[in-house]
Structures are given as C-alpha cells and as structure tokens.
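What follows is one structure encoded as structure tokens, with my remarks underneath.
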Amino acid sequence: MANVTRIKAKDDTPSKKPDKKAVKEDVEEAETVERTVARVKAKNSSNKKVAKTERKAARKEAKAEKKADRKKAKANKEPGYFKGAFQELRQVRWPDRKATWKMVLSVIIYVIVIAVFIMLLDALFTFLFNQLLGGK
C-alpha cells in the first residue's frame, strides 16, 4: 500500500472551528486513495472474491472515517439555545412513581399548613383591629 502524504501551508493562528473545506478535501482524497488502492489490488489479484472483500472493507473504512469527521465537526459546533435546553432535559434523572407521589403529598400538606397559618393570622389581626378601633 502506498503512503501518500499531503503537505499544506497552514495558518499558525489557532482556530476554534476546523476548516470545513480542508476536512472535506482530506476525506475526499482519502476516499480516492482507498479506491485506487482497491483497484490496483483487484487488478493484481488473481482471486476476484478477495479483491471484492478488500474493496468493501476500504469503502467501510472510508465511510467510518467520514462519519467520525462529521461527528467531530458536530461536537465542535456550539448548540443553539433550544437544542442545548433539550440536551439538558435528556440528562435529567426523573423520579419514579413512588417518589413523585411522596413529593406531591408533601407539597399538598405544606400548602394546607401555610393556608391554616395565614387564616389564623388574618382572624387574629381582624380581632385586634376591631378591638383597637372600637368596632363592632
């Protein structure tokens, strides 16, 4: 198998995002090299079945590399507000049914206790103001 090295002049400034055009060119070049290698092997090989499996393997490898490059590019991309919010929602551990009912009942009890406390305070203040103002 021939080793092909591509040398490019690069900008030394660091970049957060990969150059999409360069990545695409590298993927395309890798695919063409793999196809060329597979063709050469197929021509030189006396067994056509071996050549066919080698071509399939080369295609699979190129496809896997392309998929990995897309994943890297997608991982480097900043998600939008709503996408980020939905990603966070997927990471939430939701309580089971038993824990949910315990929390619901505790909230209901808390609301009842606070409501009774406020009604008692209201009745107390009403009584005090009526006594102070000499009301009815």
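If you're wondering about the labels, chains in the structure tokens are A, B, ... by order shown, residues count from 1 in each chain, ligands from 1 in order shown.
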Looking only at the backbone, which of the residues in stretch 67-119 of chain A does DSSP tag as alpha helix (DSSP H), as number ranges by chain?
A: 67-76, 81-91, 97-119
Produce a file of the selected residues containing C-alpha atoms, as an mmCIF file, in the first residue's frame.
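Full text of part39.cif as output:
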data_model
loop_
_atom_site.group_PDB
_atom_site.id
_atom_site.type_symbol
_atom_site.label_atom_id
_atom_site.label_comp_id
_atom_site.auth_asym_id
_atom_site.auth_seq_id
_atom_site.Cartn_x
_atom_site.Cartn_y
_atom_site.Cartn_z
ATOM 1 C CA LYS A 67 -18.726 9.591 9.871
ATOM 2 C CA ALA A 68 -16.068 10.225 12.527
ATOM 3 C CA ASP A 69 -15.131 13.524 10.866
ATOM 4 C CA ARG A 70 -18.780 14.589 10.821
ATOM 5 C CA LYS A 71 -19.086 13.665 14.488
ATOM 6 C CA LYS A 72 -16.008 15.740 15.356
ATOM 7 C CA ALA A 73 -17.328 18.714 13.411
ATOM 8 C CA LYS A 74 -20.720 18.347 15.087
ATOM 9 C CA ALA A 75 -19.134 18.066 18.551
ATOM 10 C CA ASN A 76 -17.140 21.262 17.991
ATOM 11 C CA TYR A 81 -30.345 27.728 22.918
ATOM 12 C CA PHE A 82 -33.236 25.322 22.375
ATOM 13 C CA LYS A 83 -31.002 22.423 21.332
ATOM 14 C CA GLY A 84 -28.918 22.951 24.453
ATOM 15 C CA ALA A 85 -32.028 23.078 26.607
ATOM 16 C CA PHE A 86 -33.338 19.814 25.160
ATOM 17 C CA GLN A 87 -29.924 18.181 25.627
ATOM 18 C CA GLU A 88 -30.011 19.164 29.281
ATOM 19 C CA LEU A 89 -33.573 17.809 29.637
ATOM 20 C CA ARG A 90 -32.417 14.454 28.287
ATOM 21 C CA GLN A 91 -29.800 14.287 31.048
ATOM 22 C CA ARG A 97 -43.777 6.966 40.674
ATOM 23 C CA LYS A 98 -43.353 6.357 44.423
ATOM 24 C CA ALA A 99 -41.006 9.310 44.926
ATOM 25 C CA THR A 100 -43.249 11.552 42.826
ATOM 26 C CA TRP A 101 -46.305 10.784 44.988
ATOM 27 C CA LYS A 102 -44.289 11.413 48.172
ATOM 28 C CA MET A 103 -43.281 14.842 46.869
ATOM 29 C CA VAL A 104 -46.839 15.669 45.741
ATOM 30 C CA LEU A 105 -48.262 14.769 49.144
ATOM 31 C CA SER A 106 -45.601 16.766 50.976
ATOM 32 C CA VAL A 107 -46.409 19.824 48.828
ATOM 33 C CA ILE A 108 -50.150 19.459 49.489
ATOM 34 C CA ILE A 109 -49.570 19.138 53.263
ATOM 35 C CA TYR A 110 -47.232 22.136 53.233
ATOM 36 C CA VAL A 111 -49.797 24.263 51.359
ATOM 37 C CA ILE A 112 -52.572 23.283 53.806
ATOM 38 C CA VAL A 113 -50.402 24.111 56.842
ATOM 39 C CA ILE A 114 -49.425 27.521 55.417
ATOM 40 C CA ALA A 115 -53.053 28.281 54.465
ATOM 41 C CA VAL A 116 -54.255 27.468 58.009
ATOM 42 C CA PHE A 117 -51.460 29.609 59.478
ATOM 43 C CA ILE A 118 -52.385 32.595 57.258
ATOM 44 C CA MET A 119 -56.107 32.218 58.079
#
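Atom CA of A:Glu54 to atom CA of A:Lys21 spans 28.7 Å [interatomic distance, one decimal].
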